[in-house]
Each structure stands twice: as structure tokens, then as C-alpha cells.
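Chemist: The structure's right below; bear with me while I get my questions together.
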Amino acid sequence: MSGGRTLGPSLARVVEELELNQPVVVTLTDLDTLLVTLDIKTRATEVARRLRETGWLLATKQRGVYEFAPGAHAGPFGHGDPLIALRAFLASNATGDSRNATACLHTAVWIHGLADRAPNQHELALPKYVRVPSALAKTFRIVRYDSPLAPEYLTGVPVHRPASILVHMATSPSSVRNWPVLRGAMQDLIERTSQDDLEKALDGATTATLARLGYLLDGLGTTHMHLASLGVRRPDHTVWFGPRDGVVTFNARWNIADTTANARNQR
């Protein structure tokens with residue numbers, strides 16, 4: 001080990017194990033477990049300090065959680081992972097609500113491989129009742145939404161499933177920052193959405209959300225979905241799609257007043 005990252009024999013064994021497993025983040029608990037396995041008596045906090053000093057561990061915004069800088073990086077350089085703050089938060093187990101921080105909207109579409117570029121600021125969904133951790137608020141755009149459908153884990157982080165993304169868009173159109181990206185992913189999201197997933201994602205949905213969903217999906221390939229059985233139909237009253245600050249377009253078929261950029265792309 002060269003380049004200012006030289007370690008003594010005991011810590012070299014720790015790094016060798018980390019190199020073997022290639023974790024993105026490492027917690028003090030992880031180090032404790034590893035030290036017991038290797039029969040090394042040094043405290044985890046001391047090992048973390050020394051590995052930080054030599055550039056093998058890098059600080060994150062979460063106390064007691066570090067980013068591992070592998071030897072292949074040829075120095076104390078991180079992975080360049082835009083989701084590192086989320087990984088550190090999830091690894092910390094600092095709160096029982098950590099499971100509720102879920103990649104959503106543009107970020108979720110990007111992680112699913114349905115967008116060519118990532119958002120300028122990654123987006124996380126948190127339920128309204130959950131306090132926003134400062135470690136996440138400093139890095140991510142926080143959107144208040146709690147999908148009834150459990151997320152899936154992709155690249156090690158919880159991500160909204162396609163059905164949840166579609167229903168989120170219909171529930172809160174104003175939460176969408178980049179409609180062209182979301183519109184561009186719609187057909188793929190639909191094709192990856194099962195009837196069962198959509199039914200779960202719509203659990204507790206309002207009449208307005210159901211109408212907005214019908215409006216979003218109108219003209220797209222939804223033959224495998226039985227939308228009427230889920231309550232997706234034209235409402236008797238006007239439903240707003242976006243903030244009530246001027247109608248961009250009115251869709252009589254769905255009784256939708258659309259004030260978002262989505263209207264400019266609506267089929």
C-alpha cells in the first residue's frame with residue numbers, strides 16, 4: 001500500500017477485508033464486526049480514525065458512517081456516488097423512519113434506467129409525518145409522499161416502483177420538476193407496471209388522483225391494465241392538475257384543468 005496510505009499489519013488486514021467486500025459505506029458497527037472476526041482488539045472508533053487519517057475512509061454527513069475509498073481509486077477519493085448521503089443515512093440506523101426515505105420521480109426514473117441523465121438535485125420521498133433528517137435535507141430535494149406500494153431496492157437504495165411513480169405523478173403533479181423527462185419515461189413505466197402493483201399503489205387514492213391518472217395515461221398503451229375496475233374514470237367536477245394559478249389547457253374528456261408543463265406534451 002503506497003501513496004501515503006500505508007498501514008500497519010493489523011489495519012492492513014482490515015483494509016484487505018474491505019477491499020474484498022467492496023462496501024460503498026462502512027459503519028462503526030461494520031468495523032466492530034470485522035474486528036471481532038479478525039481477532040483485532042483495537043476499538044472501532046480508533047480504527048475508523050486511523051483509516052480516515054490515511055484516506056481509506058472518508059467522512060459522510062452521517063456520524064459514524066464512512067465512505068470506503070478502495071485502492072483502485074489510488075488515493076482518498078470517493079465513488080462519486082450522488083446517492084452517498086442516502087446510503088450513509090440508511091446504513092446508520094439512526095432512526096426507525098430511515099426505511100421511509102425512497103428515491104422518487106426523476107431520480108427513480110433515472111435509477112430504473114429510463115432517463116438519459118440524472119436530475120440536477122436528486123429527489124427523495126418521505127411521508128408527511130416523518131421529520132426530514134438534516135443529512136438528507138442538505139443534499140436532496142425532499143418531496144412529501146408515502147406510496148402504499150413497497151419500494152424495490154436497486155443499487156442498494158429503496159426506489160419507487162413504476163406503479164408508484166405513475167400514481168405519485170397523478171397524486172401530486174406540482175411535485176414534478178421535469179415533466180419532459182417523466183413524460184418520456186411514461187410508456188416504459190406503463191409496460192413495467194402490473195395490475196396488482198397499480199392496485200396497491202392506488203390504495204386509498206382520491207377521486208381526483210384517479211382522474212389525473214386516467215388523464216396521464218390517456219392515449220398510451222394500457223391494454224394490460226383494467227383501469228375502470230380500479231375506479232379510474234371521468235369525475236363530475238373539474239379536477240386541477242397542478243397549482244390553481246392559471247389554466248394552461250382544459251381536457252374535457254377527463255374534466256382536467258392542467259396548469260403544469262405536462263399540458264404542453266399531453267397527447
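By convention here, the chains of the C-alpha cells are called A, B, ... in the order presented, each chain's residues are numbered starting at 1, and ligands are numbered starting at 1 in the order presented.
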Identify, on the basis of only C-alpha atoms, every residue whose closest approach to stretch 5-17 of chain A does not exceed 10 Å; exclude the query and any residue fewer than 2 positions from it along the same chain; express the result as an MDAnalysis selection string.

Modeler: chainID A and resid 1:3 19:23 31 34:35 37:42 47:48 50:57 68:71 74:76

Chemist: Mind writing the picked residues with N, CA, C and O atoms as a short mmCIF file (atom, residue, chain, number, x, y, z; two decimals), in the first residue's frame?

Modeler:
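Listed below is the output, part.cif:
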data_model
loop_
_atom_site.label_atom_id
_atom_site.label_comp_id
_atom_site.auth_asym_id
_atom_site.auth_seq_id
_atom_site.Cartn_x
_atom_site.Cartn_y
_atom_site.Cartn_z
N MET A 1 0.84 -1.19 0.00
CA MET A 1 0.00 0.00 0.00
C MET A 1 0.88 1.23 0.00
O MET A 1 1.66 1.43 0.90
N SER A 2 0.71 2.07 -1.03
CA SER A 2 1.59 3.20 -1.18
C SER A 2 0.79 4.48 -1.29
O SER A 2 -0.41 4.50 -1.12
N GLY A 3 1.50 5.58 -1.61
CA GLY A 3 0.82 6.83 -1.85
C GLY A 3 0.28 7.45 -0.59
O GLY A 3 -0.77 8.09 -0.61
N GLU A 19 -11.45 -4.34 0.98
CA GLU A 19 -11.19 -4.45 -0.46
C GLU A 19 -11.88 -5.67 -1.05
O GLU A 19 -12.39 -5.64 -2.17
N LEU A 20 -11.90 -6.74 -0.29
CA LEU A 20 -12.53 -7.98 -0.75
C LEU A 20 -14.04 -7.79 -0.91
O LEU A 20 -14.64 -8.25 -1.89
N ASN A 21 -14.67 -7.09 0.07
CA ASN A 21 -16.12 -6.93 0.07
C ASN A 21 -16.60 -5.70 -0.71
O ASN A 21 -17.77 -5.63 -1.09
N GLN A 22 -15.71 -4.72 -0.88
CA GLN A 22 -16.02 -3.51 -1.64
C GLN A 22 -17.31 -2.81 -1.21
O GLN A 22 -18.19 -2.51 -2.04
N PRO A 23 -17.46 -2.51 0.09
CA PRO A 23 -18.64 -1.75 0.50
C PRO A 23 -18.51 -0.30 0.04
O PRO A 23 -17.40 0.21 -0.10
N LEU A 31 -17.37 -2.11 11.34
CA LEU A 31 -15.98 -2.26 11.77
C LEU A 31 -15.88 -3.12 13.02
O LEU A 31 -14.97 -3.94 13.14
N LEU A 34 -16.14 -6.68 11.97
CA LEU A 34 -14.94 -7.08 11.25
C LEU A 34 -13.76 -7.29 12.20
O LEU A 34 -12.99 -8.26 12.06
N LEU A 35 -13.63 -6.41 13.19
CA LEU A 35 -12.52 -6.53 14.15
C LEU A 35 -12.65 -7.79 14.99
O LEU A 35 -11.65 -8.44 15.30
N THR A 37 -14.12 -10.56 13.97
CA THR A 37 -13.81 -11.65 13.05
C THR A 37 -12.30 -11.83 12.87
O THR A 37 -11.79 -12.96 12.82
N LEU A 38 -11.60 -10.71 12.81
CA LEU A 38 -10.15 -10.75 12.59
C LEU A 38 -9.36 -10.86 13.90
O LEU A 38 -8.13 -10.92 13.88
N ASP A 39 -10.10 -10.90 15.03
CA ASP A 39 -9.47 -11.00 16.35
C ASP A 39 -8.49 -9.85 16.58
O ASP A 39 -7.36 -10.03 17.06
N ILE A 40 -8.94 -8.64 16.25
CA ILE A 40 -8.16 -7.43 16.48
C ILE A 40 -8.81 -6.66 17.64
O ILE A 40 -10.02 -6.41 17.60
N LYS A 41 -8.04 -6.33 18.65
CA LYS A 41 -8.59 -5.78 19.88
C LYS A 41 -8.80 -4.26 19.84
O LYS A 41 -9.44 -3.70 20.72
N THR A 42 -8.29 -3.58 18.84
CA THR A 42 -8.43 -2.14 18.76
C THR A 42 -9.90 -1.75 18.61
O THR A 42 -10.66 -2.43 17.93
N VAL A 47 -9.92 2.58 14.99
CA VAL A 47 -9.63 2.08 13.64
C VAL A 47 -10.19 3.04 12.60
O VAL A 47 -9.52 3.38 11.62
N ALA A 48 -11.41 3.52 12.84
CA ALA A 48 -12.01 4.47 11.90
C ALA A 48 -11.17 5.75 11.81
O ALA A 48 -10.96 6.28 10.71
N ARG A 50 -7.95 6.12 12.33
CA ARG A 50 -6.69 5.87 11.63
C ARG A 50 -6.91 5.63 10.14
O ARG A 50 -6.11 6.05 9.30
N LEU A 51 -8.02 4.98 9.79
CA LEU A 51 -8.32 4.76 8.38
C LEU A 51 -8.73 6.07 7.70
O LEU A 51 -8.46 6.27 6.51
N ARG A 52 -9.32 6.96 8.45
CA ARG A 52 -9.63 8.28 7.89
C ARG A 52 -8.35 9.08 7.67
O ARG A 52 -8.19 9.74 6.64
N GLU A 53 -7.45 9.01 8.63
CA GLU A 53 -6.20 9.76 8.52
C GLU A 53 -5.37 9.32 7.32
O GLU A 53 -4.65 10.11 6.72
N THR A 54 -5.47 8.04 6.99
CA THR A 54 -4.70 7.51 5.86
C THR A 54 -5.50 7.46 4.56
O THR A 54 -5.02 6.93 3.55
N GLY A 55 -6.73 7.99 4.59
CA GLY A 55 -7.50 8.13 3.37
C GLY A 55 -8.28 6.92 2.91
O GLY A 55 -8.81 6.92 1.79
N TRP A 56 -8.37 5.90 3.75
CA TRP A 56 -9.13 4.71 3.36
C TRP A 56 -10.62 4.88 3.64
O TRP A 56 -11.46 4.26 2.98
N LEU A 57 -10.94 5.69 4.63
CA LEU A 57 -12.33 6.02 4.93
C LEU A 57 -12.51 7.52 4.78
O LEU A 57 -11.65 8.31 5.18
N PHE A 68 -15.99 4.18 1.87
CA PHE A 68 -14.74 3.46 1.67
C PHE A 68 -14.11 3.89 0.36
O PHE A 68 -14.77 3.95 -0.68
N ALA A 69 -12.81 4.22 0.42
CA ALA A 69 -12.05 4.63 -0.78
C ALA A 69 -11.11 3.49 -1.17
O ALA A 69 -10.02 3.35 -0.61
N PRO A 70 -11.51 2.65 -2.10
CA PRO A 70 -10.71 1.47 -2.46
C PRO A 70 -9.33 1.84 -3.02
O PRO A 70 -9.10 2.95 -3.49
N GLY A 71 -8.44 0.87 -2.98
CA GLY A 71 -7.11 1.08 -3.52
C GLY A 71 -7.12 1.42 -4.99
O GLY A 71 -6.24 2.13 -5.49
N ALA A 74 -6.62 4.90 -6.08
CA ALA A 74 -5.27 5.46 -5.99
C ALA A 74 -5.19 6.70 -5.11
O ALA A 74 -4.53 7.67 -5.41
N GLY A 75 -5.90 6.64 -4.00
CA GLY A 75 -5.85 7.76 -3.07
C GLY A 75 -7.20 7.95 -2.39
O GLY A 75 -8.15 7.20 -2.62
N PRO A 76 -7.29 8.96 -1.53
CA PRO A 76 -8.52 9.20 -0.75
C PRO A 76 -9.62 9.86 -1.59
O PRO A 76 -9.99 11.01 -1.38
#

Chemist: Residues at most 6 Å from A:Thr193, counting only C-alpha atoms, excluding those fewer than 3 positions away in the same chain, as an NGL selection string?

Modeler: :A and (162-163 or 190)

Chemist: Interatomic distance between atom CA of A:His106 and atom CA of A:Asp218?

Modeler: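 One can read the atom CA of A:His106 to atom CA of A:Asp218 distance as 20.9 Å.
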
Chemist: Would you return as a ChimeraX atom specification the members of stretch 49-237 of chain A that DSSP assigns to strand (DSSP E) on this structure's backbone?

Modeler: /A:57-59,65-68,102-103,123-126,141-144,152-154,157-159

Chemist: Those residues with N, CA and C atoms, as a PDB file, in the first residue's frame please?

Modeler:
ATOM      1  N   LEU A  57     -10.938   5.685   4.628  1.00  0.00           N
ATOM      2  CA  LEU A  57     -12.331   6.019   4.930  1.00  0.00           C
ATOM      3  C   LEU A  57     -12.513   7.524   4.775  1.00  0.00           C
ATOM      4  N   LEU A  58     -13.634   7.914   4.229  1.00  0.00           N
ATOM      5  CA  LEU A  58     -13.954   9.317   4.030  1.00  0.00           C
ATOM      6  C   LEU A  58     -15.208   9.668   4.817  1.00  0.00           C
ATOM      7  N   ALA A  59     -15.230  10.844   5.382  1.00  0.00           N
ATOM      8  CA  ALA A  59     -16.377  11.273   6.174  1.00  0.00           C
ATOM      9  C   ALA A  59     -17.619  11.436   5.298  1.00  0.00           C
ATOM     10  N   VAL A  65     -20.669   6.915  10.031  1.00  0.00           N
ATOM     11  CA  VAL A  65     -20.758   6.223   8.744  1.00  0.00           C
ATOM     12  C   VAL A  65     -19.733   6.842   7.807  1.00  0.00           C
ATOM     13  N   TYR A  66     -18.974   6.000   7.129  1.00  0.00           N
ATOM     14  CA  TYR A  66     -17.873   6.473   6.277  1.00  0.00           C
ATOM     15  C   TYR A  66     -17.984   5.864   4.891  1.00  0.00           C
ATOM     16  N   GLU A  67     -17.443   6.586   3.928  1.00  0.00           N
ATOM     17  CA  GLU A  67     -17.344   6.052   2.575  1.00  0.00           C
ATOM     18  C   GLU A  67     -15.983   5.380   2.430  1.00  0.00           C
ATOM     19  N   PHE A  68     -15.993   4.185   1.871  1.00  0.00           N
ATOM     20  CA  PHE A  68     -14.741   3.457   1.673  1.00  0.00           C
ATOM     21  C   PHE A  68     -14.107   3.889   0.362  1.00  0.00           C
ATOM     22  N   THR A 102     -37.202   7.275   0.219  1.00  0.00           N
ATOM     23  CA  THR A 102     -37.266   6.497  -1.011  1.00  0.00           C
ATOM     24  C   THR A 102     -37.005   7.371  -2.221  1.00  0.00           C
ATOM     25  N   ALA A 103     -36.155   6.905  -3.125  1.00  0.00           N
ATOM     26  CA  ALA A 103     -35.900   7.636  -4.366  1.00  0.00           C
ATOM     27  C   ALA A 103     -37.189   7.714  -5.176  1.00  0.00           C
ATOM     28  N   GLU A 123     -34.052  13.418  -5.895  1.00  0.00           N
ATOM     29  CA  GLU A 123     -35.325  13.572  -5.200  1.00  0.00           C
ATOM     30  C   GLU A 123     -35.633  12.363  -4.334  1.00  0.00           C
ATOM     31  N   LEU A 124     -36.031  12.633  -3.101  1.00  0.00           N
ATOM     32  CA  LEU A 124     -36.433  11.592  -2.164  1.00  0.00           C
ATOM     33  C   LEU A 124     -37.851  11.867  -1.672  1.00  0.00           C
ATOM     34  N   ALA A 125     -38.621  10.809  -1.547  1.00  0.00           N
ATOM     35  CA  ALA A 125     -39.966  10.916  -0.983  1.00  0.00           C
ATOM     36  C   ALA A 125     -39.930  10.502   0.479  1.00  0.00           C
ATOM     37  N   LEU A 126     -40.574  11.307   1.316  1.00  0.00           N
ATOM     38  CA  LEU A 126     -40.741  10.996   2.733  1.00  0.00           C
ATOM     39  C   LEU A 126     -42.195  11.257   3.108  1.00  0.00           C
ATOM     40  N   ARG A 141     -33.606  16.992  -2.744  1.00  0.00           N
ATOM     41  CA  ARG A 141     -34.910  17.654  -2.771  1.00  0.00           C
ATOM     42  C   ARG A 141     -35.891  16.682  -2.130  1.00  0.00           C
ATOM     43  N   ILE A 142     -36.542  17.108  -1.061  1.00  0.00           N
ATOM     44  CA  ILE A 142     -37.456  16.245  -0.325  1.00  0.00           C
ATOM     45  C   ILE A 142     -38.882  16.508  -0.783  1.00  0.00           C
ATOM     46  N   VAL A 143     -39.565  15.441  -1.178  1.00  0.00           N
ATOM     47  CA  VAL A 143     -40.953  15.502  -1.616  1.00  0.00           C
ATOM     48  C   VAL A 143     -41.783  14.694  -0.635  1.00  0.00           C
ATOM     49  N   ARG A 144     -42.897  15.249  -0.214  1.00  0.00           N
ATOM     50  CA  ARG A 144     -43.750  14.548   0.741  1.00  0.00           C
ATOM     51  C   ARG A 144     -44.717  13.620   0.012  1.00  0.00           C
ATOM     52  N   GLU A 152     -38.766  -1.043  -4.251  1.00  0.00           N
ATOM     53  CA  GLU A 152     -37.792  -2.094  -4.522  1.00  0.00           C
ATOM     54  C   GLU A 152     -36.401  -1.520  -4.299  1.00  0.00           C
ATOM     55  N   TYR A 153     -35.438  -2.408  -4.049  1.00  0.00           N
ATOM     56  CA  TYR A 153     -34.068  -1.955  -3.820  1.00  0.00           C
ATOM     57  C   TYR A 153     -33.255  -2.139  -5.087  1.00  0.00           C
ATOM     58  N   LEU A 154     -32.746  -1.034  -5.588  1.00  0.00           N
ATOM     59  CA  LEU A 154     -31.890  -1.030  -6.770  1.00  0.00           C
ATOM     60  C   LEU A 154     -30.615  -0.289  -6.422  1.00  0.00           C
ATOM     61  N   VAL A 157     -30.407   0.997  -2.753  1.00  0.00           N
ATOM     62  CA  VAL A 157     -31.259   2.017  -2.137  1.00  0.00           C
ATOM     63  C   VAL A 157     -32.722   1.744  -2.494  1.00  0.00           C
ATOM     64  N   PRO A 158     -33.665   2.154  -1.628  1.00  0.00           N
ATOM     65  CA  PRO A 158     -35.084   1.958  -1.933  1.00  0.00           C
ATOM     66  C   PRO A 158     -35.542   2.924  -3.015  1.00  0.00           C
ATOM     67  N   VAL A 159     -36.265   2.398  -3.981  1.00  0.00           N
ATOM     68  CA  VAL A 159     -36.697   3.180  -5.141  1.00  0.00           C
ATOM     69  C   VAL A 159     -38.178   2.891  -5.398  1.00  0.00           C
TER      70      VAL A 159
END

Chemist: Enumerate as an MDAnalysis selection string all residues of stretch 17-265 of chain A assigned to alpha helix (DSSP H) by DSSP on the backbone, naming them with the chain letters and numbers the document uses.

Modeler: chainID A and resid 17:21 28:37 44:53 84:92 105:111 134:137 162:171 179:191 195:201 207:217

Chemist: Can you tell me which residues surround A:Gln121 at a distance of at most 9 Å, considering only C-alpha atoms, apart from same-chain residues fewer than 5 positions away, and format the answer as an MDAnalysis selection string?

Modeler: chainID A and resid 107 139:141

Chemist: With only C-alpha atoms as the atoms that count, which of A:Met186, A:Val36, A:Ala205, A:Leu28 lies nearest to A:Pro148?

Modeler: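 Distance minimum relative to A:Pro148 lands on A:Ala205.
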
Chemist: Find the residues around A:Ala261 up to 9 Å (only C-alpha atoms counted), leave out those fewer than 5 positions away in its own chain, and share them as a list in words.

Modeler: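 Near neighbours after the sequence-gap exclusion: Asn178, Trp179, Pro180 and Val248 of chain A.
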
Chemist: Could those residues be written to a file, using all heavy atoms, as a short mmCIF file (atom, residue, chain, number, x, y, z; two decimals), in the first residue's frame?

Modeler:
data_model
loop_
_atom_site.label_atom_id
_atom_site.label_comp_id
_atom_site.auth_asym_id
_atom_site.auth_seq_id
_atom_site.Cartn_x
_atom_site.Cartn_y
_atom_site.Cartn_z
N ASN A 178 -39.47 18.10 -13.69
CA ASN A 178 -39.07 17.96 -15.09
C ASN A 178 -40.07 17.06 -15.82
O ASN A 178 -39.87 15.86 -15.97
CB ASN A 178 -37.65 17.37 -15.17
CG ASN A 178 -37.04 17.54 -16.55
OD1 ASN A 178 -37.74 17.50 -17.55
ND2 ASN A 178 -35.73 17.72 -16.59
N TRP A 179 -41.16 17.68 -16.29
CA TRP A 179 -42.18 16.90 -16.97
C TRP A 179 -41.69 16.23 -18.26
O TRP A 179 -42.08 15.09 -18.55
CB TRP A 179 -43.41 17.76 -17.26
CG TRP A 179 -44.37 17.76 -16.11
CD1 TRP A 179 -44.63 18.77 -15.23
CD2 TRP A 179 -45.19 16.67 -15.70
NE1 TRP A 179 -45.55 18.38 -14.30
CE2 TRP A 179 -45.93 17.09 -14.56
CE3 TRP A 179 -45.39 15.37 -16.17
CZ2 TRP A 179 -46.83 16.27 -13.90
CZ3 TRP A 179 -46.29 14.55 -15.51
CH2 TRP A 179 -47.00 15.00 -14.39
N PRO A 180 -40.85 16.87 -19.07
CA PRO A 180 -40.39 16.19 -20.29
C PRO A 180 -39.72 14.85 -20.00
O PRO A 180 -39.92 13.87 -20.73
CB PRO A 180 -39.42 17.20 -20.91
CG PRO A 180 -39.93 18.52 -20.46
CD PRO A 180 -40.42 18.29 -19.06
N VAL A 248 -53.43 26.20 -18.24
CA VAL A 248 -52.66 26.06 -19.48
C VAL A 248 -53.55 25.42 -20.53
O VAL A 248 -53.58 25.83 -21.68
CB VAL A 248 -51.38 25.24 -19.25
CG1 VAL A 248 -50.68 24.97 -20.58
CG2 VAL A 248 -50.46 25.96 -18.29
#

Chemist: With only C-alpha atoms as the atoms that count, which of A:Pro173, A:Phe89, A:Ala115, A:Tyr145 lies nearest to A:Pro127?

Modeler: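 Checking each of A:Pro173, A:Phe89, A:Ala115, A:Tyr145 against A:Pro127, counting only C-alpha atoms, the winner is A:Tyr145.
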
Chemist: How many Å separate atom CA of A:Ile165 from atom CA of A:Asp236?

Modeler: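 Interatomic distance, atom CA of A:Ile165 to atom CA of A:Asp236: 25.8 Å.
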